Amino acid sequence: MNSKIQSLLLGVGFLSLAAFYYALGWSHEVSGAGGDSAGYLLAAQYFSPYQPASPILIEYSKQIIYPPLFPWILALAGGGESTLVAHLVVMTFLLLAVLVLFLWMRQESLSVWLCAAVSLIFALRVNTYLLSLDIWTEDPYIFFSLLAILGVCLATRKDNHKWFWLAAIAVACATLTRTAALSLLLAFCFFLVVRKPKNYLYLMAVSALPFVLWTIISAYTQVGLSGYTHSWLKVYLTTPLLTLLSHQLHSESLDLYYAWQFGWLGGSQPPVLVFVVNAFGAICLAGWLYRLRYLKFDAIYVAIYLAMVFAWPNPEPLRYFYVVTPVLLAQGFLLVSGLAQSRLRMGHPAMV
C-alpha cells in the first residue's frame, strides 16, 4: 500500500477514535461522588492557579493522599473549575497512551496494521471504556508507563542511550501519578543495573528522586505512601504469613481471571467468547514469560507489578490489572508474531 494512503488511513482512524472518546467524555458530572474522582477535583481546586483556595480546601489539602502530578495537571488545564475539562484531560491521556502503544509496537518491528490492531483492541475494550469515564489516574499512569517502555525500547534497539533519559523522566512522572509506580521504578533500576548503560547511576537518580521526595513528604504528613504502608503492615503483622500468602495467591488469581474476562465481555458470559478470551489471556501470559526470560524491561515491570498486586490485601482487580493490560496485549501479539516469523524462516531457508 502506498505510504501516503497508509498514513492517511491511520490518521483518519486515530481522529475517529479521538472523536469517539471525546464524545464519551463530554460530561459535567462526577461519577462516584465522594470517591477518587471527587478527591482529585478537590485537589485540583486547591492547586488551581486561577482562583484562591477556600479555607475548607486548605484544610482538606492536609489530608490529600494522592501523588500530586495528576491534580497539578488538572489544575493547570482548568479541571479544578470545570468537571468537563477534567474528563477531557483523562480522555487525552488515554489517546496519548494508545498512540505510544502503537509507537512501541512499531519499534518492536510489528507491521503497521498489526500495531494499529493492538492499539485499537486496547482502546475498545469494555474495561478501557468504563474506567476512562472516571476522573482517575489509570490512563495518565498507563501513558507514562508506556512512554518509559518506549524510551527503553528506543535506547536498546537504536543503540542510542539518550533515549534512556526519556524513560527516566517518564518513570519519575509515573511515580508522581500513582504509588503503584514503585513497580515501574524498581523494574527500571533493575534493568539499568543489569545493562549498565552510560550514566546509569544518574538515570536511576533522576527516575527515583521524585518518589523519594514524595515518600518523605507522605511520611511526614502520615498520608499517601505512608498510609498505604500502614494498611499493608496492619494486615501482614496480624495474620500468619503463610496463611495470608496462600489466601492472597488464591483470591488474587481468581480476581485476575475474572477481571480479564470482564475487561473484554463486561457482564456477558457466552461460553464460546469466554473460551476465546481465556485462550488469548494464556497467550498473553506466555508472551510475558517469554520476554521475562530475556529480561525485557516491559516483562520485568509486569512481574514486579503483579507481585505487588498479589501482595496487596485490599484488591480492586478491575482497576489494578487494567494498567498492565496494554503491556500484556502487546506481549501476546509479539509472541504470536515472533512464532509466525520463525515458522516462515524455517519454511523458506536462505539460498546458498
# chains A, B, ... in the order shown; residues from 1 in each chain; ligands from 1

$ select_by_dssp --residues "region 266-305 of chain A" --states "alpha helix (DSSP H)" --output "PyMOL selection string"
chain A and resi 271-293+297-305

$ residues_around --residues "Cys284 (chain A)" --least-positions-apart "5" --cutoff "8 Å" --atoms "only C-alpha atoms" --output "PDB file with all heavy atoms, in the first residue's frame"
ATOM      1  N   LEU A 328       0.437  -6.436  28.487  1.00  0.00           N
ATOM      2  CA  LEU A 328       0.184  -7.861  28.279  1.00  0.00           C
ATOM      3  C   LEU A 328      -0.335  -8.130  26.871  1.00  0.00           C
ATOM      4  O   LEU A 328       0.050  -9.118  26.231  1.00  0.00           O
ATOM      5  CB  LEU A 328      -0.817  -8.369  29.314  1.00  0.00           C
ATOM      6  CG  LEU A 328      -0.295  -8.490  30.750  1.00  0.00           C
ATOM      7  CD1 LEU A 328      -1.446  -8.739  31.716  1.00  0.00           C
ATOM      8  CD2 LEU A 328       0.727  -9.619  30.855  1.00  0.00           C
ATOM      9  N   LEU A 329      -1.211  -7.268  26.370  1.00  0.00           N
ATOM     10  CA  LEU A 329      -1.698  -7.404  24.992  1.00  0.00           C
ATOM     11  C   LEU A 329      -0.539  -7.376  24.011  1.00  0.00           C
ATOM     12  O   LEU A 329      -0.447  -8.219  23.104  1.00  0.00           O
ATOM     13  CB  LEU A 329      -2.676  -6.268  24.664  1.00  0.00           C
ATOM     14  CG  LEU A 329      -4.089  -6.352  25.212  1.00  0.00           C
ATOM     15  CD1 LEU A 329      -4.838  -5.070  24.869  1.00  0.00           C
ATOM     16  CD2 LEU A 329      -4.817  -7.548  24.632  1.00  0.00           C
ATOM     17  N   ALA A 330       0.330  -6.396  24.176  1.00  0.00           N
ATOM     18  CA  ALA A 330       1.474  -6.260  23.281  1.00  0.00           C
ATOM     19  C   ALA A 330       2.367  -7.493  23.354  1.00  0.00           C
ATOM     20  O   ALA A 330       2.837  -8.001  22.322  1.00  0.00           O
ATOM     21  CB  ALA A 330       2.263  -5.005  23.646  1.00  0.00           C
ATOM     22  N   GLN A 331       2.585  -8.005  24.557  1.00  0.00           N
ATOM     23  CA  GLN A 331       3.454  -9.176  24.719  1.00  0.00           C
ATOM     24  C   GLN A 331       2.856 -10.409  24.054  1.00  0.00           C
ATOM     25  O   GLN A 331       3.581 -11.222  23.467  1.00  0.00           O
ATOM     26  CB  GLN A 331       3.708  -9.420  26.211  1.00  0.00           C
ATOM     27  CG  GLN A 331       4.575  -8.344  26.849  1.00  0.00           C
ATOM     28  CD  GLN A 331       4.530  -8.337  28.368  1.00  0.00           C
ATOM     29  OE1 GLN A 331       3.631  -8.921  28.973  1.00  0.00           O
ATOM     30  NE2 GLN A 331       5.485  -7.676  28.984  1.00  0.00           N
ATOM     31  N   GLY A 332       1.529 -10.546  24.118  1.00  0.00           N
ATOM     32  CA  GLY A 332       0.880 -11.656  23.430  1.00  0.00           C
ATOM     33  C   GLY A 332       1.028 -11.565  21.925  1.00  0.00           C
ATOM     34  O   GLY A 332       1.355 -12.558  21.258  1.00  0.00           O
ATOM     35  N   PHE A 333       0.813 -10.383  21.375  1.00  0.00           N
ATOM     36  CA  PHE A 333       0.957 -10.185  19.933  1.00  0.00           C
ATOM     37  C   PHE A 333       2.408 -10.363  19.493  1.00  0.00           C
ATOM     38  O   PHE A 333       2.674 -10.911  18.418  1.00  0.00           O
ATOM     39  CB  PHE A 333       0.446  -8.803  19.534  1.00  0.00           C
ATOM     40  CG  PHE A 333      -1.015  -8.759  19.204  1.00  0.00           C
ATOM     41  CD1 PHE A 333      -1.959  -8.594  20.206  1.00  0.00           C
ATOM     42  CD2 PHE A 333      -1.454  -8.894  17.903  1.00  0.00           C
ATOM     43  CE1 PHE A 333      -3.313  -8.569  19.915  1.00  0.00           C
ATOM     44  CE2 PHE A 333      -2.804  -8.863  17.591  1.00  0.00           C
ATOM     45  CZ  PHE A 333      -3.745  -8.705  18.602  1.00  0.00           C
ATOM     46  N   LEU A 335       4.607 -12.321  20.850  1.00  0.00           N
ATOM     47  CA  LEU A 335       4.898 -13.754  20.852  1.00  0.00           C
ATOM     48  C   LEU A 335       4.359 -14.415  19.588  1.00  0.00           C
ATOM     49  O   LEU A 335       5.081 -15.164  18.908  1.00  0.00           O
ATOM     50  CB  LEU A 335       4.283 -14.412  22.085  1.00  0.00           C
ATOM     51  CG  LEU A 335       4.430 -15.940  22.164  1.00  0.00           C
ATOM     52  CD1 LEU A 335       5.898 -16.333  22.283  1.00  0.00           C
ATOM     53  CD2 LEU A 335       3.623 -16.496  23.335  1.00  0.00           C
TER      54      LEU A 335
END

$ residues_around --residues "Ser48 (chain A)" --least-positions-apart "5" --cutoff "8 Å" --atoms "only C-alpha atoms" --output "VMD selection string"
chain A and resid 53 72 75 to 76 78 80

$ write_last_selection --atoms "N, CA and C atoms" --output "compact mmCIF listing (two decimals), in the first residue's frame"
# COMPACT_ATOMS: atom_id res chain seq x y z
N ALA A 53 -7.63 29.28 47.01
CA ALA A 53 -8.23 28.15 47.73
C ALA A 53 -9.04 28.65 48.92
N TRP A 72 -2.10 18.41 39.74
CA TRP A 72 -1.44 19.58 39.16
C TRP A 72 -1.85 19.77 37.70
N ALA A 75 -5.32 20.97 37.51
CA ALA A 75 -5.39 22.37 37.92
C ALA A 75 -4.93 23.30 36.81
N LEU A 76 -3.81 22.98 36.16
CA LEU A 76 -3.29 23.83 35.08
C LEU A 76 -4.21 23.86 33.88
N GLY A 78 -7.40 23.66 34.00
CA GLY A 78 -8.69 24.24 34.38
C GLY A 78 -9.67 23.22 34.90
N GLY A 80 -9.93 22.11 37.83
CA GLY A 80 -10.45 22.46 39.15
C GLY A 80 -11.71 23.28 39.09

$ atom_distance --atom1 "CA of Lys198 (chain A)" --atom2 "CA of Ala303 (chain A)"
25.5 Å

$ closest_atom_pairs --of "region 93-186 of chain A" --to "region 209-222 of chain A" --cutoff "10 Å" --atoms "only C-alpha atoms" --output "tab-separated table"
residue	atom	partner	partner_atom	distance
A:Ile169	CA	A:Pro210	CA	9.9
A:Val171	CA	A:Pro210	CA	9.5
A:Ala172	CA	A:Pro210	CA	6.0
A:Cys173	CA	A:Pro210	CA	8.0
A:Ala174	CA	A:Phe211	CA	9.2
A:Thr175	CA	A:Phe211	CA	5.7
A:Leu176	CA	A:Phe211	CA	6.7
A:Thr177	CA	A:Phe211	CA	10.0
A:Thr179	CA	A:Phe211	CA	8.5
A:Ala181	CA	A:Phe211	CA	9.0
A:Leu182	CA	A:Phe211	CA	7.9
A:Leu185	CA	A:Phe211	CA	8.7

$ atom_distance --atom1 "CA of Ala123 (chain A)" --atom2 "CA of Leu254 (chain A)"
24.4 Å

$ residues_around --residues "region 266-273 of chain A" --least-positions-apart "5" --cutoff "9 Å" --atoms "only C-alpha atoms" --output "list in words"
Val126, Asn127, Gln261 and Asn278 of chain A

$ write_last_selection --atoms "N, CA, C and O atoms" --output "mmCIF file, in the first residue's frame"
data_model
loop_
_atom_site.group_PDB
_atom_site.id
_atom_site.type_symbol
_atom_site.label_atom_id
_atom_site.label_comp_id
_atom_site.auth_asym_id
_atom_site.auth_seq_id
_atom_site.Cartn_x
_atom_site.Cartn_y
_atom_site.Cartn_z
ATOM 1 N N VAL A 126 -13.965 -3.251 26.963
ATOM 2 C CA VAL A 126 -15.013 -2.788 27.869
ATOM 3 C C VAL A 126 -14.416 -2.046 29.057
ATOM 4 O O VAL A 126 -14.883 -0.966 29.446
ATOM 5 N N ASN A 127 -13.376 -2.610 29.661
ATOM 6 C CA ASN A 127 -12.794 -2.007 30.852
ATOM 7 C C ASN A 127 -12.133 -0.667 30.547
ATOM 8 O O ASN A 127 -12.159 0.246 31.379
ATOM 9 N N GLN A 261 -11.709 -11.492 32.116
ATOM 10 C CA GLN A 261 -12.940 -11.780 31.386
ATOM 11 C C GLN A 261 -13.833 -10.544 31.304
ATOM 12 O O GLN A 261 -14.343 -10.202 30.229
ATOM 13 N N ASN A 278 -10.144 -16.374 27.346
ATOM 14 C CA ASN A 278 -9.202 -17.070 28.215
ATOM 15 C C ASN A 278 -8.009 -17.608 27.430
ATOM 16 O O ASN A 278 -6.873 -17.580 27.926
#

$ closest_residue --among "A:Ile142, A:Val277, A:Leu292, A:Ile149" --to "Arg178 (chain A)" --atoms "only C-alpha atoms"
A:Ile142

$ closest_residue --among "A:Val323, A:Ala307, A:Leu289, A:Ala282" --to "Pro140 (chain A)" --atoms "only C-alpha atoms"
A:Val323

$ atom_distance --atom1 "CA of Leu8 (chain A)" --atom2 "CA of Leu166 (chain A)"
28.1 Å

$ residues_around --residues "region 238-248 of chain A" --least-positions-apart "6" --cutoff "8 Å" --atoms "only C-alpha atoms" --output "number ranges by chain"
A: 310-311, 313

$ decode --residues "region 101-136 of chain A" --atoms "C-alpha atoms" --output "PDB file, in the first residue's frame"
ATOM      1  CA  LEU A 101       1.424   1.808  22.457  1.00  0.00           C
ATOM      2  CA  PHE A 102       1.369   1.970  18.653  1.00  0.00           C
ATOM      3  CA  LEU A 103       4.846   3.536  18.530  1.00  0.00           C
ATOM      4  CA  TRP A 104       6.279   0.931  20.912  1.00  0.00           C
ATOM      5  CA  MET A 105       4.908  -1.905  18.798  1.00  0.00           C
ATOM      6  CA  ARG A 106       6.434  -0.349  15.679  1.00  0.00           C
ATOM      7  CA  GLN A 107       9.824  -0.232  17.382  1.00  0.00           C
ATOM      8  CA  GLU A 108       9.364  -3.924  18.179  1.00  0.00           C
ATOM      9  CA  SER A 109       9.121  -4.469  14.399  1.00  0.00           C
ATOM     10  CA  LEU A 110       5.431  -5.364  14.192  1.00  0.00           C
ATOM     11  CA  SER A 111       3.713  -4.374  10.949  1.00  0.00           C
ATOM     12  CA  VAL A 112       1.839  -1.075  10.846  1.00  0.00           C
ATOM     13  CA  TRP A 113      -1.573  -2.732  10.697  1.00  0.00           C
ATOM     14  CA  LEU A 114      -0.771  -5.195  13.467  1.00  0.00           C
ATOM     15  CA  CYS A 115       0.333  -2.251  15.632  1.00  0.00           C
ATOM     16  CA  ALA A 116      -2.914  -0.481  14.795  1.00  0.00           C
ATOM     17  CA  ALA A 117      -4.851  -3.635  15.728  1.00  0.00           C
ATOM     18  CA  VAL A 118      -3.145  -3.914  19.143  1.00  0.00           C
ATOM     19  CA  SER A 119      -3.815  -0.251  19.884  1.00  0.00           C
ATOM     20  CA  LEU A 120      -7.437  -0.413  18.739  1.00  0.00           C
ATOM     21  CA  ILE A 121      -8.142  -3.599  20.693  1.00  0.00           C
ATOM     22  CA  PHE A 122      -6.879  -1.966  23.876  1.00  0.00           C
ATOM     23  CA  ALA A 123      -8.810   1.246  23.196  1.00  0.00           C
ATOM     24  CA  LEU A 124     -12.123  -0.515  22.581  1.00  0.00           C
ATOM     25  CA  ARG A 125     -12.073  -2.992  25.481  1.00  0.00           C
ATOM     26  CA  VAL A 126     -15.013  -2.788  27.869  1.00  0.00           C
ATOM     27  CA  ASN A 127     -12.794  -2.007  30.852  1.00  0.00           C
ATOM     28  CA  THR A 128     -10.929   0.732  28.974  1.00  0.00           C
ATOM     29  CA  TYR A 129     -14.218   2.425  28.188  1.00  0.00           C
ATOM     30  CA  LEU A 130     -15.619   2.091  31.724  1.00  0.00           C
ATOM     31  CA  LEU A 131     -12.537   3.290  33.612  1.00  0.00           C
ATOM     32  CA  SER A 132     -11.958   6.213  31.271  1.00  0.00           C
ATOM     33  CA  LEU A 133     -15.320   7.682  32.255  1.00  0.00           C
ATOM     34  CA  ASP A 134     -13.970   8.412  35.734  1.00  0.00           C
ATOM     35  CA  ILE A 135     -11.554  11.175  36.694  1.00  0.00           C
ATOM     36  CA  TRP A 136      -8.892   8.720  37.828  1.00  0.00           C
TER      37      TRP A 136
END
